[in-house]
Structure formats: C-alpha cells, structure tokens
Amino acid sequence: MVTGGSGAGTKFFGSTAQTARLMLYGLMAIVLMAMDHRGNYVPQVRSLAQHAVEPIYHVVEWPVEALHNLVAQFQSRRALRAENERLTRQLLAQQGGLQRLQTLEEENRRLRALFDGARNQPYEYRFAELVGVALDPFSHQVMIDRGSGDGVQRGQAVIDGHGVMGQVEDVQRHFSSVRLISDPSHALPVQINRSGLRTVAFGMGETDRLILPNVPREADVRQGDLVVTSGLGHRFPSGYPVAIVTVIDREEGRTFARVEATPLAALDRGREVLLISLPEDVGEPEEPGPAESPEVSAEAAAGEVQE
Amino acid sequence: MNLRRDRLSMVLVTLAVAMLLTLIPLPAFVDPLRPYWVALVLIYWCLETQGLISLGLAFVVGLALDLLTGSLFGQHALSLVVLVYLVTRFRARIRFFPPWQQALSVLALLVNDRIILLWIMSLRGEPLPAIDFWAAPVVGTAIWPWLFLILDRYRGVMRQRSVT
C-alpha cells in the first residue's frame with residue numbers, strides 16, 4: 001500500500017498530518033462560507049457552476065413529474081368536475097371584483113394625468129411552477145421551472161396568488177432560483193397600506209414572520225394592517241400585498257416599535273407562482289431609488305440581498 | 001491499483017444515489033426528518049475501507065452538495081470534512097463495536113454535525129431552528145443498520161462481478 005500519507009508506512013506521523021489537513025480544509029471551508037455570505041466572488045463562481053449541475057435537477061424532477069401525471073390520470077371525473085365548478089365560480093367572483101378595479105384604475109390614471117404624476121405601466125405576468133427539488137431548508141430558496149431560455153432575468157419579482165414571494169437570484173437555462181423574502185439577508189421596501197407609512201421588511205429566517213424594524217414608536221400602525229410593496233428601489237413594483245401586521249410592541253424608551261408581520265404568500269407550500277416583468281427597463285436596478293424616505297435610506301438597497 | 005479504482009467508482013455511485021435522495025422532494029411534514037444521506041454513506045465507506053476516503057474527497061463532495069442544495073458554499077464541505085476526520089480517527093474502535101453501539105456512535109457523529117450547522121447558522125444571524133431540527137440525526141441512526149446491510153450487499157455483488 002503506497003497510497004498517500006495515510007498508508008501504513010506513515011502511521012506515526014499519520015494522525016498529526018491528518019489533523020493538519022483537517023485544519024486546512026476546515027479553514028478553506030470557513031473562508032468560502034464567509035466569502036459567500038458577504039458576496040465576494042463566490043456567488044459569481046457558484047452561479048456559473050450551477051449550470052453544470054442543471055442536468056441533475058432534471059434527473060430528480062423527472063420521477064416527480066411522472067408521479068404527478070400519474071395522479072392526474074387517476075383523478076376521478078367527479079373530482080375534476082367539482083374542481084372545475086369551484087374554479088368557475090371563483091373566476092366569476094374575481095371578475096366581478098375586477099370590473100370595479102378597472103373603473104378605479106381608469107379613474108386613477110385620469111387623476112394621475114391631472115397631476116402630471118408618474119406613469120403607471122401595466123405589468124406582464126408569466127406563469128411558473130416550483131420545481132420538485134428539495135433545497136437546503138435553511139437556504140430560503142426555491143427553484144422555478146423557467147430560466148434564461150424563457151426570458152427570466154436576475155432580480156425579477158416573484159409573487160403567488162396571495163402576495164410577494166421573493167426575487168430571482170440565479171438564472172440557468174431552464175431553471176432559476178428564487179430568494180424568498182423570509183431570508184434574513186433580504187430587505188423589501190414596503191409601506192403600510194392604510195397610512196402610507198414607508199418602511200422596510202426584513203426576513204427573519206422563518207417562513208411565517210417578517211420584521212419591520214424601523215417603524216417609529218408613535219407611528220400609525222395597527223394589528224391587521226396590510227403591508228404592501230412601496231415600489232421604492234425599482235425592483236419590486238408597487239402595490240403588491242406582502243404581509244399582515246400581527247405583533248406591535250411599543251416598548252417605553254425606544255425610538256422604534258417592534259413590528260412583526262405574517263407573509264401572505266405561501267412561502268413554504270406554494271406550487272404555482274407568477275413572474276412579474278416590467279414592460280420597459282426602469283433604470284439601473286442595483287441603485288436605490290432617488291425618492292427614499294429618510295427612515296429607509298440606508299437599508300432600502302431596494303430589496304437587494306445585502307448585509 | 002485496479003482494486004482501488006473499482007472501489008472508488010463504487011463510492012462515487014453510492015454518493016450520487018445519496019445526493020439524489022437528498023434532492024428528492026418530500027411532503028412538508030416529513031421533510032425535516034430527511035436523514036443526512038451523504039454523511040451516512042461516507043461513514044460506511046470510511047469504516048469499511050482503509051485510506052480510500054480522504055479529507056480532500058470529503059471536501060469536494062461537500063462542495064458539490066452545497067452547489068446542489070443551494071446552501072452556504074462550504075457549509076456541507078466543513079461538516080463532511082469534520083465527520084470523515086472523526087470517523088478515520090476512531091475507525092479502529094467503531095468498526096468492532098456491536099451493532100447497537102455502532103449506531104450510537106453514528107448518532108453522536110450526526111448530532112455533532114448538527115451542532116456545527118447550528119454554529120454556522122448563529123454566525124449568519126439566523127434564529128434558532130425548531131425542535132424537529134434534531135429529528136434528522138435520530139432518523140439517520142434508525143436507518144443506519146439497514147443502510148449498512150444494503151451497502152454491504154452491494155459491495156459483495158460488485159466484488160463477485162469483478163472476480164468472475
């Protein structure tokens with residue numbers, strides 16, 4: 001056996017050498033983690049390398065997809081008809097709501113034109129599905145089945161039927177990974193729908209909680225308030241529902257209240273999502289918008305993954 | 001030399017299967033119970049072969065796993081390097097333990113790995129995970145004897161084939 005240092009001949013020095021190697025590899029791993037965390041070089045290398053592992057995702061997804069098709073095959077006619085009926089009813093109800101929305105939108109447009117305000121472009125939505133690949137549960141990412149081949153771009157906003165989910169982080173040929181708003185390093189510029197108060201929502205690493213750390217103690221926030229995107233920073237379009245305020249803690253002697261909110265989107269169990277694309281390029285998405293309000297100026301790097 | 005290459009290819013095949021098992025989606029309520037497949041397979045090969053699983057191999061496998069699961073780059077690399085180091089260090093003892101004692105040492109290894117993960121998470125400023133965070137090592141321990149038998153069988157079959 002003359003195979004490297006751990007063979008029989010080097011038994012005496014073997015364990016010291018092994019410990020030294022442990023130190024070396026451990027140090028390398030820690031340096032890589034730190035660089036990945038701070039966004040130096042590693043994320044770029046990583047998104048290149050991810051192209052290489054893409055076929056593996058196809059391999060994993062194939063049986064899952066087959067199973068889904070099989071289940072769909074055997075789903076009874078009756079269940080399908082019931083579902084069809086339910087969906088038709090839901091569609092009708094929502095169309096009723098939309099009719100009113102259309103008149104409101106028209107009115108809004110006219111008023112804006114009067115004030116010579118910002119133009120309100122219509123957004124385009126593209127349907128995508130979550131890929132049946134289980135990522136690390138602590139990475140706060142999901143994979144969707146649209147990639148650069150479908151025109152997906154880095155930084156695009158992703159929503160589901162109830163609210164904002166996150167933004168596209170890495171784009172591959174047929175897949176892209178989406179950073180969820182629950183990630184502790186994700187900041188989302190938002191405003192309280194009722195009072196118009198602008199702030200930033202940070203993830204806490206849990207799928208059912210967001211934190212709004214810089215709301216002044218005397219600010220007008222109530223439990224049950226709807227939190228919507230403010231559109232500052234140009235990454236997330238404005239006016240999409242994000243969360244419902246659940247906890248407000250106005251501790252004496254503090255400048256800021258502790259406000260927590262529950263995301264509306266099904267971050268951990270959704271399956272269908274929508275990608276929002278802006279019809280025209282709105283400036284450089286990396287730069288924070290010019291119209292930052294004072295309390296968000298530092299943090300609102302526009303939903304930029306930061307820290 | 002040929003034997004070594006055959007063995008290495010066996011290791012790589014089983015590791016690839018372990019990675020696929022890691023990526024296969026599970027319903028949300030069993031997902032936290034998913035055992036650390038790659039670690040279990042690496043422990044097996046460390047115990048059964050001498051000097052085949054180096055720390056460098058563990059490091060590379062860990063990086064591949066990081067890439068696949070989208071975790072922090074280097075996280076699995078660190079955890080697997082520490083794991084392989086510990087197993088090779090105590091290999092002589094763990095190998096001749098009775099099965100239940102061997103399973104206990106596997107549990108200790110997996111729990112130790114969870115503690116490393118916890119340390120990394122706290123450095124990143126993530127909140128403490130829920131209690132089911134500790135369920136995966138227990139499931140891994142329960143699966144260990146069966147995995148051991150399956151891999152032994154696989155190795156036996158492959159050896160037969162290479163002899164004939």
# chains A, B, ... in the order shown; residues from 1 in each chain; ligands from 1
>>> interface_residues(of="chain B", to="chain A", cutoff="8 Å", atoms="only C-alpha atoms", output="PyMOL selection string")
chain B and resi 20+22-26+28+51+55-56+59+67-75+77-78+81-82+85+89+124-127
>>> residues_around(residues="Leu107 in chain B", least_positions_apart="6", cutoff="10 Å", atoms="only C-alpha atoms", output="number ranges by chain")
B: 101, 113, 136-142, 144
>>> write_last_selection(atoms="N, CA and C atoms", output="tab-separated table (two decimals), in the first residue's frame")
chain	number	residue	atom	x	y	z
B	101	GLN	N	-24.00	-0.35	19.46
B	101	GLN	CA	-23.03	0.65	19.89
B	101	GLN	C	-22.53	1.46	18.69
B	113	ASP	N	-22.59	16.92	13.99
B	113	ASP	CA	-22.71	17.63	12.73
B	113	ASP	C	-23.79	18.72	12.81
B	136	ALA	N	-33.59	14.74	12.51
B	136	ALA	CA	-32.89	14.10	11.41
B	136	ALA	C	-31.78	13.14	11.88
B	137	PRO	N	-30.95	13.52	12.87
B	137	PRO	CA	-29.94	12.56	13.33
B	137	PRO	C	-30.54	11.27	13.86
B	138	VAL	N	-31.70	11.38	14.56
B	138	VAL	CA	-32.34	10.18	15.11
B	138	VAL	C	-32.80	9.27	13.97
B	139	VAL	N	-33.42	9.88	12.96
B	139	VAL	CA	-33.86	9.09	11.81
B	139	VAL	C	-32.66	8.46	11.11
B	140	GLY	N	-31.59	9.23	10.99
B	140	GLY	CA	-30.38	8.72	10.36
B	140	GLY	C	-29.84	7.51	11.11
B	141	THR	N	-29.88	7.57	12.46
B	141	THR	CA	-29.41	6.45	13.27
B	141	THR	C	-30.30	5.22	13.05
B	142	ALA	N	-31.61	5.46	12.97
B	142	ALA	CA	-32.54	4.34	12.78
B	142	ALA	C	-32.31	3.68	11.43
B	144	TRP	N	-29.42	3.65	9.81
B	144	TRP	CA	-28.04	3.21	9.68
B	144	TRP	C	-27.87	1.69	9.49
>>> atom_distance(atom1="CA of Arg4 in chain B", atom2="CA of Pro98 in chain B")
27.7 Å
>>> residues_around(residues="range 243-254 of chain A", least_positions_apart="6", cutoff="6 Å", atoms="only C-alpha atoms", output="mmCIF file with N, CA and C atoms, in the first residue's frame")
data_model
loop_
_atom_site.group_PDB
_atom_site.id
_atom_site.type_symbol
_atom_site.label_atom_id
_atom_site.label_comp_id
_atom_site.auth_asym_id
_atom_site.auth_seq_id
_atom_site.Cartn_x
_atom_site.Cartn_y
_atom_site.Cartn_z
ATOM 1 N N ARG A 217 -41.983 54.703 17.048
ATOM 2 C CA ARG A 217 -42.847 54.184 18.097
ATOM 3 C C ARG A 217 -44.250 54.772 18.029
ATOM 4 N N GLN A 223 -52.689 46.409 14.441
ATOM 5 C CA GLN A 223 -52.718 44.991 14.131
ATOM 6 C C GLN A 223 -53.688 44.738 12.989
ATOM 7 N N GLY A 224 -53.318 43.872 12.072
ATOM 8 C CA GLY A 224 -54.198 43.558 10.957
ATOM 9 C C GLY A 224 -54.004 44.474 9.772
ATOM 10 N N ASP A 225 -53.109 45.442 9.882
ATOM 11 C CA ASP A 225 -52.834 46.319 8.747
ATOM 12 C C ASP A 225 -52.190 45.532 7.614
ATOM 13 N N LEU A 226 -52.562 45.897 6.396
ATOM 14 C CA LEU A 226 -51.959 45.245 5.230
ATOM 15 C C LEU A 226 -50.651 45.955 4.882
ATOM 16 N N VAL A 227 -49.610 45.171 4.647
ATOM 17 C CA VAL A 227 -48.321 45.718 4.224
ATOM 18 C C VAL A 227 -48.168 45.433 2.738
ATOM 19 N N GLU A 260 -43.998 43.054 13.758
ATOM 20 C CA GLU A 260 -43.841 41.813 13.010
ATOM 21 C C GLU A 260 -45.053 41.591 12.123
ATOM 22 N N ALA A 261 -44.843 40.924 11.023
ATOM 23 C CA ALA A 261 -45.941 40.688 10.087
ATOM 24 C C ALA A 261 -45.842 39.272 9.534
ATOM 25 N N THR A 262 -46.989 38.719 9.166
ATOM 26 C CA THR A 262 -47.036 37.372 8.596
ATOM 27 C C THR A 262 -47.170 37.473 7.082
ATOM 28 N N PRO A 263 -46.268 36.873 6.336
ATOM 29 C CA PRO A 263 -46.366 36.949 4.872
ATOM 30 C C PRO A 263 -47.657 36.318 4.364
ATOM 31 N N LEU A 264 -48.201 36.917 3.314
ATOM 32 C CA LEU A 264 -49.440 36.385 2.741
ATOM 33 C C LEU A 264 -49.147 35.249 1.774
#
>>> select_by_dssp(residues="range 83-223 of chain A", states="alpha helix (DSSP H)", output="number ranges by chain")
A: 83-115
>>> write_last_selection(atoms="N, CA and C atoms", output="tab-separated table (two decimals), in the first residue's frame")
chain	number	residue	atom	x	y	z
A	83	GLU	N	-63.88	20.32	-9.15
A	83	GLU	CA	-62.85	21.34	-9.13
A	83	GLU	C	-63.13	22.39	-10.20
A	84	ASN	N	-63.55	21.90	-11.35
A	84	ASN	CA	-63.88	22.80	-12.45
A	84	ASN	C	-64.96	23.79	-12.03
A	85	GLU	N	-65.98	23.25	-11.37
A	85	GLU	CA	-67.10	24.09	-10.95
A	85	GLU	C	-66.64	25.15	-9.94
A	86	ARG	N	-65.80	24.67	-9.01
A	86	ARG	CA	-65.30	25.59	-7.99
A	86	ARG	C	-64.49	26.72	-8.63
A	87	LEU	N	-63.66	26.33	-9.59
A	87	LEU	CA	-62.80	27.33	-10.23
A	87	LEU	C	-63.62	28.32	-11.05
A	88	THR	N	-64.68	27.79	-11.72
A	88	THR	CA	-65.54	28.69	-12.50
A	88	THR	C	-66.17	29.72	-11.60
A	89	ARG	N	-66.66	29.23	-10.44
A	89	ARG	CA	-67.31	30.15	-9.51
A	89	ARG	C	-66.32	31.20	-9.01
A	90	GLN	N	-65.12	30.72	-8.69
A	90	GLN	CA	-64.08	31.62	-8.19
A	90	GLN	C	-63.74	32.67	-9.25
A	91	LEU	N	-63.65	32.22	-10.50
A	91	LEU	CA	-63.32	33.13	-11.58
A	91	LEU	C	-64.38	34.21	-11.72
A	92	LEU	N	-65.66	33.78	-11.61
A	92	LEU	CA	-66.77	34.73	-11.74
A	92	LEU	C	-66.68	35.79	-10.65
A	93	ALA	N	-66.47	35.31	-9.41
A	93	ALA	CA	-66.40	36.24	-8.28
A	93	ALA	C	-65.26	37.23	-8.50
A	94	GLN	N	-64.13	36.71	-8.99
A	94	GLN	CA	-62.99	37.59	-9.15
A	94	GLN	C	-63.18	38.56	-10.31
A	95	GLN	N	-63.92	38.10	-11.33
A	95	GLN	CA	-64.19	39.01	-12.44
A	95	GLN	C	-65.07	40.17	-11.98
A	96	GLY	N	-66.01	39.83	-11.08
A	96	GLY	CA	-66.84	40.89	-10.50
A	96	GLY	C	-65.98	41.95	-9.85
A	97	GLY	N	-65.01	41.47	-9.04
A	97	GLY	CA	-64.12	42.40	-8.38
A	97	GLY	C	-63.29	43.20	-9.37
A	98	LEU	N	-62.87	42.52	-10.44
A	98	LEU	CA	-62.01	43.16	-11.43
A	98	LEU	C	-62.72	44.29	-12.16
A	99	GLN	N	-64.03	44.10	-12.41
A	99	GLN	CA	-64.78	45.14	-13.12
A	99	GLN	C	-64.66	46.47	-12.39
A	100	ARG	N	-64.84	46.37	-11.06
A	100	ARG	CA	-64.74	47.58	-10.26
A	100	ARG	C	-63.31	48.13	-10.32
A	101	LEU	N	-62.36	47.20	-10.28
A	101	LEU	CA	-60.97	47.60	-10.29
A	101	LEU	C	-60.63	48.36	-11.58
A	102	GLN	N	-61.24	47.89	-12.68
A	102	GLN	CA	-60.94	48.53	-13.96
A	102	GLN	C	-61.38	49.99	-13.96
A	103	THR	N	-62.60	50.23	-13.44
A	103	THR	CA	-63.05	51.62	-13.40
A	103	THR	C	-62.15	52.44	-12.48
A	104	LEU	N	-61.77	51.83	-11.36
A	104	LEU	CA	-60.88	52.55	-10.42
A	104	LEU	C	-59.55	52.86	-11.08
A	105	GLU	N	-59.03	51.88	-11.81
A	105	GLU	CA	-57.74	52.07	-12.46
A	105	GLU	C	-57.83	53.23	-13.47
A	106	GLU	N	-58.93	53.24	-14.18
A	106	GLU	CA	-59.13	54.29	-15.18
A	106	GLU	C	-59.19	55.66	-14.50
A	107	GLU	N	-59.94	55.70	-13.40
A	107	GLU	CA	-60.07	56.95	-12.64
A	107	GLU	C	-58.71	57.40	-12.12
A	108	ASN	N	-57.99	56.41	-11.60
A	108	ASN	CA	-56.66	56.67	-11.06
A	108	ASN	C	-55.75	57.27	-12.15
A	109	ARG	N	-55.85	56.69	-13.34
A	109	ARG	CA	-54.99	57.14	-14.43
A	109	ARG	C	-55.31	58.60	-14.81
A	110	ARG	N	-56.63	58.87	-14.80
A	110	ARG	CA	-57.02	60.24	-15.15
A	110	ARG	C	-56.52	61.24	-14.11
A	111	LEU	N	-56.66	60.84	-12.83
A	111	LEU	CA	-56.20	61.74	-11.76
A	111	LEU	C	-54.69	61.96	-11.85
A	112	ARG	N	-53.98	60.87	-12.09
A	112	ARG	CA	-52.54	60.99	-12.23
A	112	ARG	C	-52.16	61.91	-13.39
A	113	ALA	N	-52.92	61.77	-14.47
A	113	ALA	CA	-52.64	62.62	-15.64
A	113	ALA	C	-52.86	64.09	-15.28
A	114	LEU	N	-53.89	64.32	-14.45
A	114	LEU	CA	-54.16	65.69	-13.99
A	114	LEU	C	-52.96	66.25	-13.24
A	115	PHE	N	-52.41	65.40	-12.36
A	115	PHE	CA	-51.28	65.87	-11.56
A	115	PHE	C	-49.97	65.76	-12.31
>>> residues_around(residues="Glu48 in chain B", least_positions_apart="2", cutoff="12 Å", atoms="only C-alpha atoms", output="PyMOL selection string")
chain B and resi 7+11+41-46+50-53+87-88+91-92+94-96+148+151-152+155
>>> residues_around(residues="Glu169 in chain A", least_positions_apart="5", cutoff="6 Å", atoms="only C-alpha atoms", output="PyMOL selection string")
chain A and resi 154+177-179
>>> write_last_selection(atoms="N, CA and C atoms", output="short mmCIF file (atom, residue, chain, number, x, y, z; two decimals), in the first residue's frame")
data_model
loop_
_atom_site.label_atom_id
_atom_site.label_comp_id
_atom_site.auth_asym_id
_atom_site.auth_seq_id
_atom_site.Cartn_x
_atom_site.Cartn_y
_atom_site.Cartn_z
N ARG A 154 -32.35 38.17 -13.69
CA ARG A 154 -31.95 38.29 -12.29
C ARG A 154 -32.68 39.49 -11.68
N SER A 177 -33.36 30.09 -9.51
CA SER A 177 -33.61 30.00 -8.08
C SER A 177 -34.12 31.35 -7.60
N VAL A 178 -35.07 31.28 -6.68
CA VAL A 178 -35.74 32.47 -6.17
C VAL A 178 -35.39 32.63 -4.70
N ARG A 179 -34.89 33.78 -4.33
CA ARG A 179 -34.61 34.09 -2.93
C ARG A 179 -35.91 34.54 -2.27
#
>>> closest_residue(among="B:Pro27, B:Trp37, B:Val60, B:Asp6", to="Arg161 in chain B", atoms="only C-alpha atoms")
B:Asp6
>>> select_by_dssp(residues="range 193-293 of chain A", states="strand (DSSP E or B)", output="NGL selection string")
:A and (198-203 or 210-216 or 226-229 or 241-249 or 256-263 or 272-277)
>>> closest_residue(among="A:Ser176, A:Val164, A:Val45, A:Thr229", to="Ala266 in chain A", atoms="only C-alpha atoms")
A:Val164
>>> atom_distance(atom1="CA of Trp134 in chain B", atom2="CA of Ile181 in chain A")
25.3 Å
>>> closest_residue(among="B:Phe133, B:Phe90, B:Trp119, B:Phe97", to="Asp31 in chain B", atoms="only C-alpha atoms")
B:Phe133
>>> atom_distance(atom1="CA of Arg258 in chain A", atom2="CA of Arg209 in chain A")
12.6 Å
>>> decode(residues="range 25-138 of chain A", atoms="C-alpha atoms", output="PDB file, in the first residue's frame")
ATOM      1  CA  TYR A  25      -9.776  22.068   4.816  1.00  0.00           C
ATOM      2  CA  GLY A  26     -11.788  23.474   7.702  1.00  0.00           C
ATOM      3  CA  LEU A  27     -10.181  26.861   7.197  1.00  0.00           C
ATOM      4  CA  MET A  28     -10.841  26.717   3.460  1.00  0.00           C
ATOM      5  CA  ALA A  29     -14.498  25.874   4.072  1.00  0.00           C
ATOM      6  CA  ILE A  30     -14.882  28.728   6.545  1.00  0.00           C
ATOM      7  CA  VAL A  31     -13.248  31.202   4.180  1.00  0.00           C
ATOM      8  CA  LEU A  32     -15.557  30.064   1.372  1.00  0.00           C
ATOM      9  CA  MET A  33     -18.605  30.452   3.612  1.00  0.00           C
ATOM     10  CA  ALA A  34     -17.577  33.926   4.691  1.00  0.00           C
ATOM     11  CA  MET A  35     -16.988  34.958   1.082  1.00  0.00           C
ATOM     12  CA  ASP A  36     -20.318  33.515   0.001  1.00  0.00           C
ATOM     13  CA  HIS A  37     -22.075  35.253   2.867  1.00  0.00           C
ATOM     14  CA  ARG A  38     -20.508  38.613   2.044  1.00  0.00           C
ATOM     15  CA  GLY A  39     -20.984  38.155  -1.680  1.00  0.00           C
ATOM     16  CA  ASN A  40     -17.308  38.250  -2.696  1.00  0.00           C
ATOM     17  CA  TYR A  41     -16.520  36.256  -5.839  1.00  0.00           C
ATOM     18  CA  VAL A  42     -18.048  33.010  -4.609  1.00  0.00           C
ATOM     19  CA  PRO A  43     -21.657  33.725  -5.673  1.00  0.00           C
ATOM     20  CA  GLN A  44     -20.484  34.500  -9.215  1.00  0.00           C
ATOM     21  CA  VAL A  45     -18.438  31.314  -9.447  1.00  0.00           C
ATOM     22  CA  ARG A  46     -21.334  29.475  -7.946  1.00  0.00           C
ATOM     23  CA  SER A  47     -23.892  30.653 -10.452  1.00  0.00           C
ATOM     24  CA  LEU A  48     -21.539  29.565 -13.246  1.00  0.00           C
ATOM     25  CA  ALA A  49     -21.035  26.170 -11.674  1.00  0.00           C
ATOM     26  CA  GLN A  50     -24.769  25.798 -11.233  1.00  0.00           C
ATOM     27  CA  HIS A  51     -25.133  25.492 -14.992  1.00  0.00           C
ATOM     28  CA  ALA A  52     -23.076  22.327 -14.752  1.00  0.00           C
ATOM     29  CA  VAL A  53     -25.351  20.700 -12.197  1.00  0.00           C
ATOM     30  CA  GLU A  54     -28.554  21.606 -14.000  1.00  0.00           C
ATOM     31  CA  PRO A  55     -28.955  18.153 -15.623  1.00  0.00           C
ATOM     32  CA  ILE A  56     -29.086  16.638 -12.144  1.00  0.00           C
ATOM     33  CA  TYR A  57     -32.150  18.705 -11.342  1.00  0.00           C
ATOM     34  CA  HIS A  58     -33.763  17.315 -14.475  1.00  0.00           C
ATOM     35  CA  VAL A  59     -32.976  13.795 -13.295  1.00  0.00           C
ATOM     36  CA  VAL A  60     -34.549  14.467  -9.896  1.00  0.00           C
ATOM     37  CA  GLU A  61     -37.540  16.247 -11.284  1.00  0.00           C
ATOM     38  CA  TRP A  62     -38.450  13.644 -13.846  1.00  0.00           C
ATOM     39  CA  PRO A  63     -39.881  10.971 -11.494  1.00  0.00           C
ATOM     40  CA  VAL A  64     -41.739  13.624  -9.502  1.00  0.00           C
ATOM     41  CA  GLU A  65     -43.276  14.976 -12.659  1.00  0.00           C
ATOM     42  CA  ALA A  66     -44.186  11.448 -13.768  1.00  0.00           C
ATOM     43  CA  LEU A  67     -45.851  10.804 -10.425  1.00  0.00           C
ATOM     44  CA  HIS A  68     -47.869  13.997 -10.753  1.00  0.00           C
ATOM     45  CA  ASN A  69     -49.037  12.983 -14.200  1.00  0.00           C
ATOM     46  CA  LEU A  70     -49.975   9.551 -12.931  1.00  0.00           C
ATOM     47  CA  VAL A  71     -52.043  11.024 -10.106  1.00  0.00           C
ATOM     48  CA  ALA A  72     -53.734  13.339 -12.572  1.00  0.00           C
ATOM     49  CA  GLN A  73     -54.552  10.345 -14.775  1.00  0.00           C
ATOM     50  CA  PHE A  74     -56.304   8.538 -11.988  1.00  0.00           C
ATOM     51  CA  GLN A  75     -58.095  11.517 -10.546  1.00  0.00           C
ATOM     52  CA  SER A  76     -61.756  10.711 -10.906  1.00  0.00           C
ATOM     53  CA  ARG A  77     -64.034  12.520 -13.289  1.00  0.00           C
ATOM     54  CA  ARG A  78     -66.209  13.603 -10.441  1.00  0.00           C
ATOM     55  CA  ALA A  79     -63.331  15.257  -8.580  1.00  0.00           C
ATOM     56  CA  LEU A  80     -62.278  17.037 -11.732  1.00  0.00           C
ATOM     57  CA  ARG A  81     -65.788  18.262 -12.396  1.00  0.00           C
ATOM     58  CA  ALA A  82     -66.122  19.519  -8.823  1.00  0.00           C
ATOM     59  CA  GLU A  83     -62.850  21.338  -9.131  1.00  0.00           C
ATOM     60  CA  ASN A  84     -63.879  22.804 -12.449  1.00  0.00           C
ATOM     61  CA  GLU A  85     -67.103  24.090 -10.948  1.00  0.00           C
ATOM     62  CA  ARG A  86     -65.305  25.593  -7.988  1.00  0.00           C
ATOM     63  CA  LEU A  87     -62.798  27.329 -10.232  1.00  0.00           C
ATOM     64  CA  THR A  88     -65.536  28.686 -12.497  1.00  0.00           C
ATOM     65  CA  ARG A  89     -67.306  30.149  -9.508  1.00  0.00           C
ATOM     66  CA  GLN A  90     -64.080  31.622  -8.193  1.00  0.00           C
ATOM     67  CA  LEU A  91     -63.320  33.128 -11.584  1.00  0.00           C
ATOM     68  CA  LEU A  92     -66.765  34.726 -11.743  1.00  0.00           C
ATOM     69  CA  ALA A  93     -66.397  36.237  -8.284  1.00  0.00           C
ATOM     70  CA  GLN A  94     -62.988  37.593  -9.151  1.00  0.00           C
ATOM     71  CA  GLN A  95     -64.192  39.011 -12.436  1.00  0.00           C
ATOM     72  CA  GLY A  96     -66.841  40.891 -10.504  1.00  0.00           C
ATOM     73  CA  GLY A  97     -64.123  42.399  -8.380  1.00  0.00           C
ATOM     74  CA  LEU A  98     -62.008  43.164 -11.425  1.00  0.00           C
ATOM     75  CA  GLN A  99     -64.782  45.140 -13.120  1.00  0.00           C
ATOM     76  CA  ARG A 100     -64.739  47.575 -10.259  1.00  0.00           C
ATOM     77  CA  LEU A 101     -60.967  47.598 -10.294  1.00  0.00           C
ATOM     78  CA  GLN A 102     -60.936  48.534 -13.962  1.00  0.00           C
ATOM     79  CA  THR A 103     -63.046  51.621 -13.397  1.00  0.00           C
ATOM     80  CA  LEU A 104     -60.885  52.546 -10.420  1.00  0.00           C
ATOM     81  CA  GLU A 105     -57.739  52.074 -12.459  1.00  0.00           C
ATOM     82  CA  GLU A 106     -59.133  54.294 -15.182  1.00  0.00           C
ATOM     83  CA  GLU A 107     -60.072  56.945 -12.640  1.00  0.00           C
ATOM     84  CA  ASN A 108     -56.662  56.673 -11.062  1.00  0.00           C
ATOM     85  CA  ARG A 109     -54.993  57.140 -14.430  1.00  0.00           C
ATOM     86  CA  ARG A 110     -57.022  60.242 -15.150  1.00  0.00           C
ATOM     87  CA  LEU A 111     -56.196  61.739 -11.763  1.00  0.00           C
ATOM     88  CA  ARG A 112     -52.537  60.989 -12.226  1.00  0.00           C
ATOM     89  CA  ALA A 113     -52.645  62.617 -15.636  1.00  0.00           C
ATOM     90  CA  LEU A 114     -54.162  65.691 -13.994  1.00  0.00           C
ATOM     91  CA  PHE A 115     -51.278  65.867 -11.558  1.00  0.00           C
ATOM     92  CA  ASP A 116     -48.810  65.009 -14.283  1.00  0.00           C
ATOM     93  CA  GLY A 117     -47.651  62.227 -11.992  1.00  0.00           C
ATOM     94  CA  ALA A 118     -45.655  59.105 -12.611  1.00  0.00           C
ATOM     95  CA  ARG A 119     -46.972  56.952 -15.388  1.00  0.00           C
ATOM     96  CA  ASN A 120     -48.399  53.647 -14.344  1.00  0.00           C
ATOM     97  CA  GLN A 121     -47.335  50.950 -16.728  1.00  0.00           C
ATOM     98  CA  PRO A 122     -49.149  47.669 -16.944  1.00  0.00           C
ATOM     99  CA  TYR A 123     -47.013  44.755 -15.857  1.00  0.00           C
ATOM    100  CA  GLU A 124     -46.721  41.457 -17.608  1.00  0.00           C
ATOM    101  CA  TYR A 125     -47.081  38.226 -15.740  1.00  0.00           C
ATOM    102  CA  ARG A 126     -45.540  34.936 -16.608  1.00  0.00           C
ATOM    103  CA  PHE A 127     -46.630  31.685 -15.074  1.00  0.00           C
ATOM    104  CA  ALA A 128     -44.044  29.415 -13.492  1.00  0.00           C
ATOM    105  CA  GLU A 129     -44.117  26.334 -11.330  1.00  0.00           C
ATOM    106  CA  LEU A 130     -41.918  25.349  -8.450  1.00  0.00           C
ATOM    107  CA  VAL A 131     -39.573  22.538  -9.378  1.00  0.00           C
ATOM    108  CA  GLY A 132     -39.773  19.329  -7.393  1.00  0.00           C
ATOM    109  CA  VAL A 133     -36.267  19.624  -5.992  1.00  0.00           C
ATOM    110  CA  ALA A 134     -35.689  19.893  -2.258  1.00  0.00           C
ATOM    111  CA  LEU A 135     -33.076  22.523  -1.489  1.00  0.00           C
ATOM    112  CA  ASP A 136     -31.460  23.064   1.854  1.00  0.00           C
ATOM    113  CA  PRO A 137     -34.306  24.067   4.209  1.00  0.00           C
ATOM    114  CA  PHE A 138     -32.166  26.819   5.714  1.00  0.00           C
TER     115      PHE A 138
END
